[in-house]
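Enquirer: I am attaching a structure below and will ask some questions about it afterwards.
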Amino acid sequence: MRPTIANYLGLGDTHLGCKEHERQALLKIKQDLIDDYGLLSSWSSNQDCCMWSGLRCSNQTGHVIMLNLNASSFRSWPLRGKLNPSLFELKYLTYLDVSFNDFNQSQIPEIIGSLSNLRHLDLYHANFGRNIPFQLGNLSNLQYLNLGWNNFNIPENIEWLPQLSSLEYLCMSTVNLSKVNNWLHVVNKLPYLTSLYLFSCNLPNIFSVPLVNSSTSLDGLDLSYNSLTSSSSVLEWLFNSNTSIVALDLSYNRFQGLIPDGFSKINSLAKLYFYKNEFEGGIPKSFGGMCNLKILSLSLNNLSGQLLEFFQNLTGCANHSIQSLNFDWNQIMGSLPDITMFPSLRILRLHSNHLKGIVPESLGKQSNLETLYLSNNSLEGVISEAHFSNLTKLKHLALPHTLVFNFSFDWVPPFQLDEISLGSCQLGPRFPTWLRTQKYYSWIDISNSGISDIISNSDWIFSRQVEYMNLSFNQISGQIPNLSLEFTSYPIIDLSSNKLEGGIPQFLFESAYLDVSKNMLSGPISALCEVQNGNLNFLVLSNNRLSGQIPDSCWMHLEGLQVLNLANNHFHGKIPSSVGFLHRIVSLDLDNNNFSGELPSSLNNCKELIFLNLGYNALVGQIPIWLGTSYPNLIILILRSNHFNGSVPIHLCHLEHLQVLDLALNQISGCIPKCLNNLSALTKKDSPDAAIIHSSLETIGIMEYVFSYIDHLFFMWKGKEHEYKNILGLLKSIDLSSNNLTGRIPGEVVELVGLVSLNLQETV
């Protein structure tokens, strides 16, 4: 069992006040830390240090015994800087936690090894670097050590670990142990170790297995993300030496073939995670005798066979203990059996398999069920109220579009859902009335579900706690209600491809991802300028009827913006110079508006740009030299159909990743630069990726999801305009047509062997 703070702190009933030399040491520690958000604001020289935040003193001696600067526990931004060696003065510390801070890859102070009373040392995710000091081995009383998620050098050995003879919990996740072939021998010398976390440690596949039984009795073991294979020695060790493990995580490795029977030897197993491996076949029959098994996760493998056989192989005593089955993303076939054979089942995940047949009504008897994922299968037939009759605990629901829904108009479900995933299910033409009864959902996907209702009568659908909302590809009309709504987080909102009208209310701009493209929205976007949202990553407003000038103040407080698409609207006026504040932007699409004036020089601050489309506007002036020097990663550059003049800057030849250069329909004169052969991407026939995808990692609840935006453009090909999206990365083109260029076509053009299209019509 993981030690708690109470195990480390011996507290009495009186308060003696802190020791002066310890207070001075703490003030020196504070001097070396950059505290941007006042975590240490209570640390002042005229106060009793035992009252400072993050500190605890012994009521018996007055000595500081706990220092907790964990930024996440204070809900604070991280401290920065380094740990001052004055830490040595805190000789009576039993508990030290500086996790979730930023120590700028400085080394863990060797002096920590002299704090002989330490029982708990947490340095997790603190950006320490260089070598792990071997002096940590002096901490013989240490029970808890967490070194995970830092940036240490690759250690040659970890021979200091066995000296930690009292250690119960060890996390070295992301420490590269590829050179430590005897890591298992070292671990086996820790007699009290019960929890071992070696996530993403580059563990060697072949290592020596101790000849003697381990003195270690693990109950928690995480070896995920290590590329271990079936030939690895780890399975031999597990099956022969570790019969007491309760939780085992082997996810994100490369185990192949059938799932070994050997796992059933570990009678104590309660949690078994295999997801993202290469296992084939089904579940061994021996798993039915694993009487303590509660969680079995096998998603993202190559499992096949009949689902009924999977379930039958878990009957015995395991079916009475099983609480969670995760078989997402496999190749399992057959119909959905009666799952009442698993009376304790809380989670059933079968997303993206090859299931067919009807859903049995007995599903509605599964009173403990909290999560049901059946989406992306070919299940058929009617789903009715009977399927949910007793599912009072259901929180997460994902169903396939092949089912026919048959609910009475006034049906009130017995559950309150957190997650509603019914994309492509035929729910329309009205918003289902039963949805109105769901008050607490944070995730709703009813995209492409045949809804043609009016959204202005459905303001209930926008809730404070929503974190993901997808209503796209319906026929929803009306004006989005202008609600005084403050989201509890920064949600992902997709309302694209509907028939929405009117303006965009301010509350929608308080998102992390907002897509309202392909609607009939109109008016200015001045509400955007009232928002100070550094968490807005993607803003897609294209293909609407939005208009007006964009105030210069609009972009100053959106420093997190990565994608901005305003294409195919009616905006006019100059491009605001504040666009230069968008330092993280990778895709900027202002195509087909009426922007005028010269390009603002501040645009050269957007050095991460990959996609830049300013075509079909009224921009004037010469093409700036900085367009060729400020964007080392630029792939797409569209300046088509403007009023640019002057020559083609030779600096554009510095854009070695450029694949599409479109300067057509301008007033550009002079010669075609001879240096075009410096456009390296056009001298190669291959392309790195078919699509140009920009992704953002967002946390929803306790899970992390990757949300993406794919660049696209309309391209003239043989007199016809075609949209390129999923294969835009394969397009390689230069279009200089309809300008006033003179001179000869430079011979260097023949070196551009990757070109799919070269258009010089009405140019030379």
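Labels for the structure tokens follow display order: chains A, B, ..., residues from 1 in each chain, ligands from 1.
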Taking the chain letters and numbering used in this document, name the residues of segment 97-314 of chain A that DSSP puts in alpha helix (DSSP H), as a PyMOL selection string.

Expert: chain A and resi 183-188+234-241+307-312

Enquirer: Fewer than 4 positions away in the same chain doesn't count, so skip those; otherwise give me all residues within 6 Å of Glu278 of chain A, counting only C-alpha atoms, as a list in words.

Expert: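 Once the nearby chain positions are removed, what remains is Arg254, Phe255, Gln256, Asn301 and Asn302 of chain A.
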
Enquirer: If you count only C-alpha atoms, which residues fall within 7 Å of Glu608 of chain A, apart from same-chain ones fewer than 6 positions away, as a PyMOL selection string?

Expert: chain A and resi 584-586+631+633

Enquirer: Quick one: write out the picked residues with all heavy atoms as a PDB file, in the first residue's frame?

Expert:
```
ATOM      1  N   ARG A 584       2.021  31.465 -32.131  1.00  0.00           N
ATOM      2  CA  ARG A 584       1.906  30.009 -32.270  1.00  0.00           C
ATOM      3  C   ARG A 584       1.128  29.597 -33.508  1.00  0.00           C
ATOM      4  O   ARG A 584       0.950  28.406 -33.763  1.00  0.00           O
ATOM      5  CB  ARG A 584       1.228  29.416 -31.034  1.00  0.00           C
ATOM      6  CG  ARG A 584       2.022  29.559 -29.739  1.00  0.00           C
ATOM      7  CD  ARG A 584       1.296  28.878 -28.593  1.00  0.00           C
ATOM      8  NE  ARG A 584       1.081  27.453 -28.854  1.00  0.00           N
ATOM      9  CZ  ARG A 584       0.209  26.701 -28.191  1.00  0.00           C
ATOM     10  NH1 ARG A 584      -0.530  27.234 -27.238  1.00  0.00           N
ATOM     11  NH2 ARG A 584       0.074  25.421 -28.484  1.00  0.00           N
ATOM     12  N   ILE A 585       0.658  30.551 -34.295  1.00  0.00           N
ATOM     13  CA  ILE A 585      -0.217  30.213 -35.409  1.00  0.00           C
ATOM     14  C   ILE A 585       0.533  29.439 -36.496  1.00  0.00           C
ATOM     15  O   ILE A 585       1.663  29.773 -36.850  1.00  0.00           O
ATOM     16  CB  ILE A 585      -0.891  31.476 -35.983  1.00  0.00           C
ATOM     17  CG1 ILE A 585      -2.083  31.083 -36.850  1.00  0.00           C
ATOM     18  CG2 ILE A 585       0.094  32.344 -36.747  1.00  0.00           C
ATOM     19  CD1 ILE A 585      -3.042  32.213 -37.107  1.00  0.00           C
ATOM     20  N   VAL A 586      -0.106  28.362 -36.962  1.00  0.00           N
ATOM     21  CA  VAL A 586       0.502  27.534 -38.013  1.00  0.00           C
ATOM     22  C   VAL A 586      -0.309  27.578 -39.291  1.00  0.00           C
ATOM     23  O   VAL A 586       0.211  27.259 -40.370  1.00  0.00           O
ATOM     24  CB  VAL A 586       0.666  26.069 -37.547  1.00  0.00           C
ATOM     25  CG1 VAL A 586       1.700  25.957 -36.446  1.00  0.00           C
ATOM     26  CG2 VAL A 586      -0.661  25.469 -37.098  1.00  0.00           C
ATOM     27  N   TYR A 631       9.496  32.304 -42.407  1.00  0.00           N
ATOM     28  CA  TYR A 631       8.684  31.099 -42.239  1.00  0.00           C
ATOM     29  C   TYR A 631       9.454  29.852 -42.677  1.00  0.00           C
ATOM     30  O   TYR A 631       9.255  29.337 -43.780  1.00  0.00           O
ATOM     31  CB  TYR A 631       7.383  31.210 -43.044  1.00  0.00           C
ATOM     32  CG  TYR A 631       6.612  32.479 -42.812  1.00  0.00           C
ATOM     33  CD1 TYR A 631       6.113  33.230 -43.874  1.00  0.00           C
ATOM     34  CD2 TYR A 631       6.381  32.943 -41.520  1.00  0.00           C
ATOM     35  CE1 TYR A 631       5.395  34.387 -43.658  1.00  0.00           C
ATOM     36  CE2 TYR A 631       5.671  34.115 -41.292  1.00  0.00           C
ATOM     37  CZ  TYR A 631       5.178  34.837 -42.375  1.00  0.00           C
ATOM     38  OH  TYR A 631       4.483  35.981 -42.146  1.00  0.00           O
ATOM     39  N   ASN A 633       9.088  26.840 -42.024  1.00  0.00           N
ATOM     40  CA  ASN A 633       8.301  25.613 -42.177  1.00  0.00           C
ATOM     41  C   ASN A 633       7.155  25.748 -43.172  1.00  0.00           C
ATOM     42  O   ASN A 633       6.332  24.834 -43.290  1.00  0.00           O
ATOM     43  CB  ASN A 633       7.729  25.194 -40.817  1.00  0.00           C
ATOM     44  CG  ASN A 633       8.808  24.964 -39.781  1.00  0.00           C
ATOM     45  OD1 ASN A 633       9.791  24.291 -40.040  1.00  0.00           O
ATOM     46  ND2 ASN A 633       8.628  25.537 -38.596  1.00  0.00           N
TER      47      ASN A 633
END
```

Enquirer: Atom CA of Ser542 of chain A and atom CA of Leu514 of chain A are how many Å apart?

Expert: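 Straight-line distance from atom CA of Ser542 of chain A to atom CA of Leu514 of chain A works out to 11.3 Å.
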
Enquirer: What lies within 10 Å of Leu612 of chain A using only C-alpha atoms, ignoring chain neighbours under 2 positions off, as a list in words?

Expert: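 The neighbour list is Val586, Ser587, Leu588, Asp589, Leu590, Asp591, Leu609, Ile610, Leu614, Gly615, Leu634, Ile635, Ile636, Leu637, Ile638, Leu639 and Asp711 of chain A.
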
Enquirer: How about saving the chosen residues, N, CA, C and O atoms kept, as a PDB file, in the first residue's frame?

Expert:
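Wrote result-v2.pdb, looks like this:
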```pdb
ATOM      1  N   VAL A 586      -0.106  28.362 -36.962  1.00  0.00           N
ATOM      2  CA  VAL A 586       0.502  27.534 -38.013  1.00  0.00           C
ATOM      3  C   VAL A 586      -0.309  27.578 -39.291  1.00  0.00           C
ATOM      4  O   VAL A 586       0.211  27.259 -40.370  1.00  0.00           O
ATOM      5  N   SER A 587      -1.586  27.963 -39.196  1.00  0.00           N
ATOM      6  CA  SER A 587      -2.443  28.005 -40.384  1.00  0.00           C
ATOM      7  C   SER A 587      -3.283  29.268 -40.353  1.00  0.00           C
ATOM      8  O   SER A 587      -4.062  29.481 -39.420  1.00  0.00           O
ATOM      9  N   LEU A 588      -3.120  30.111 -41.382  1.00  0.00           N
ATOM     10  CA  LEU A 588      -3.862  31.369 -41.490  1.00  0.00           C
ATOM     11  C   LEU A 588      -4.513  31.416 -42.867  1.00  0.00           C
ATOM     12  O   LEU A 588      -3.827  31.434 -43.887  1.00  0.00           O
ATOM     13  N   ASP A 589      -5.846  31.414 -42.896  1.00  0.00           N
ATOM     14  CA  ASP A 589      -6.591  31.386 -44.157  1.00  0.00           C
ATOM     15  C   ASP A 589      -7.575  32.550 -44.169  1.00  0.00           C
ATOM     16  O   ASP A 589      -8.579  32.542 -43.459  1.00  0.00           O
ATOM     17  N   LEU A 590      -7.277  33.555 -44.982  1.00  0.00           N
ATOM     18  CA  LEU A 590      -8.137  34.730 -45.156  1.00  0.00           C
ATOM     19  C   LEU A 590      -8.682  34.795 -46.574  1.00  0.00           C
ATOM     20  O   LEU A 590      -9.128  35.848 -47.045  1.00  0.00           O
ATOM     21  N   ASP A 591      -8.692  33.688 -47.273  1.00  0.00           N
ATOM     22  CA  ASP A 591      -9.057  33.602 -48.688  1.00  0.00           C
ATOM     23  C   ASP A 591     -10.468  34.133 -48.955  1.00  0.00           C
ATOM     24  O   ASP A 591     -11.392  33.938 -48.156  1.00  0.00           O
ATOM     25  N   LEU A 609       4.260  29.527 -39.111  1.00  0.00           N
ATOM     26  CA  LEU A 609       3.292  29.313 -40.180  1.00  0.00           C
ATOM     27  C   LEU A 609       3.703  28.180 -41.116  1.00  0.00           C
ATOM     28  O   LEU A 609       4.846  28.101 -41.572  1.00  0.00           O
ATOM     29  N   ILE A 610       2.724  27.333 -41.402  1.00  0.00           N
ATOM     30  CA  ILE A 610       2.882  26.249 -42.368  1.00  0.00           C
ATOM     31  C   ILE A 610       1.985  26.483 -43.571  1.00  0.00           C
ATOM     32  O   ILE A 610       2.347  26.163 -44.704  1.00  0.00           O
ATOM     33  N   LEU A 614      -3.871  33.969 -48.601  1.00  0.00           N
ATOM     34  CA  LEU A 614      -4.398  35.330 -48.632  1.00  0.00           C
ATOM     35  C   LEU A 614      -5.021  35.636 -49.987  1.00  0.00           C
ATOM     36  O   LEU A 614      -5.208  36.796 -50.358  1.00  0.00           O
ATOM     37  N   GLY A 615      -5.359  34.586 -50.726  1.00  0.00           N
ATOM     38  CA  GLY A 615      -5.863  34.759 -52.084  1.00  0.00           C
ATOM     39  C   GLY A 615      -7.223  35.425 -52.154  1.00  0.00           C
ATOM     40  O   GLY A 615      -7.981  35.465 -51.180  1.00  0.00           O
ATOM     41  N   LEU A 634       7.099  26.856 -43.902  1.00  0.00           N
ATOM     42  CA  LEU A 634       5.957  27.124 -44.775  1.00  0.00           C
ATOM     43  C   LEU A 634       5.872  26.097 -45.906  1.00  0.00           C
ATOM     44  O   LEU A 634       6.849  25.831 -46.605  1.00  0.00           O
ATOM     45  N   ILE A 635       4.653  25.536 -46.068  1.00  0.00           N
ATOM     46  CA  ILE A 635       4.408  24.545 -47.126  1.00  0.00           C
ATOM     47  C   ILE A 635       3.495  25.117 -48.208  1.00  0.00           C
ATOM     48  O   ILE A 635       3.691  24.852 -49.395  1.00  0.00           O
ATOM     49  N   ILE A 636       2.500  25.916 -47.809  1.00  0.00           N
ATOM     50  CA  ILE A 636       1.520  26.465 -48.744  1.00  0.00           C
ATOM     51  C   ILE A 636       1.561  27.985 -48.665  1.00  0.00           C
ATOM     52  O   ILE A 636       1.408  28.558 -47.582  1.00  0.00           O
ATOM     53  N   LEU A 637       1.747  28.655 -49.812  1.00  0.00           N
ATOM     54  CA  LEU A 637       1.713  30.118 -49.892  1.00  0.00           C
ATOM     55  C   LEU A 637       0.828  30.512 -51.065  1.00  0.00           C
ATOM     56  O   LEU A 637       1.172  30.286 -52.230  1.00  0.00           O
ATOM     57  N   ILE A 638      -0.342  31.109 -50.751  1.00  0.00           N
ATOM     58  CA  ILE A 638      -1.310  31.517 -51.763  1.00  0.00           C
ATOM     59  C   ILE A 638      -1.505  33.031 -51.664  1.00  0.00           C
ATOM     60  O   ILE A 638      -2.010  33.532 -50.651  1.00  0.00           O
ATOM     61  N   LEU A 639      -1.118  33.753 -52.722  1.00  0.00           N
ATOM     62  CA  LEU A 639      -1.364  35.201 -52.816  1.00  0.00           C
ATOM     63  C   LEU A 639      -2.186  35.512 -54.063  1.00  0.00           C
ATOM     64  O   LEU A 639      -2.228  36.650 -54.529  1.00  0.00           O
ATOM     65  N   ASP A 711      -5.796  21.283 -43.152  1.00  0.00           N
ATOM     66  CA  ASP A 711      -5.790  22.383 -44.113  1.00  0.00           C
ATOM     67  C   ASP A 711      -6.403  21.930 -45.432  1.00  0.00           C
ATOM     68  O   ASP A 711      -6.277  20.763 -45.834  1.00  0.00           O
TER      69      ASP A 711
END
```

Enquirer: Looking at only C-alpha atoms, which of A:Asn543, A:Asn330, A:Ser165, A:Asn482 is the one that sits closest to Asp459 of chain A?

Expert: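 Under the stated criterion, the closest residue is A:Asn482.
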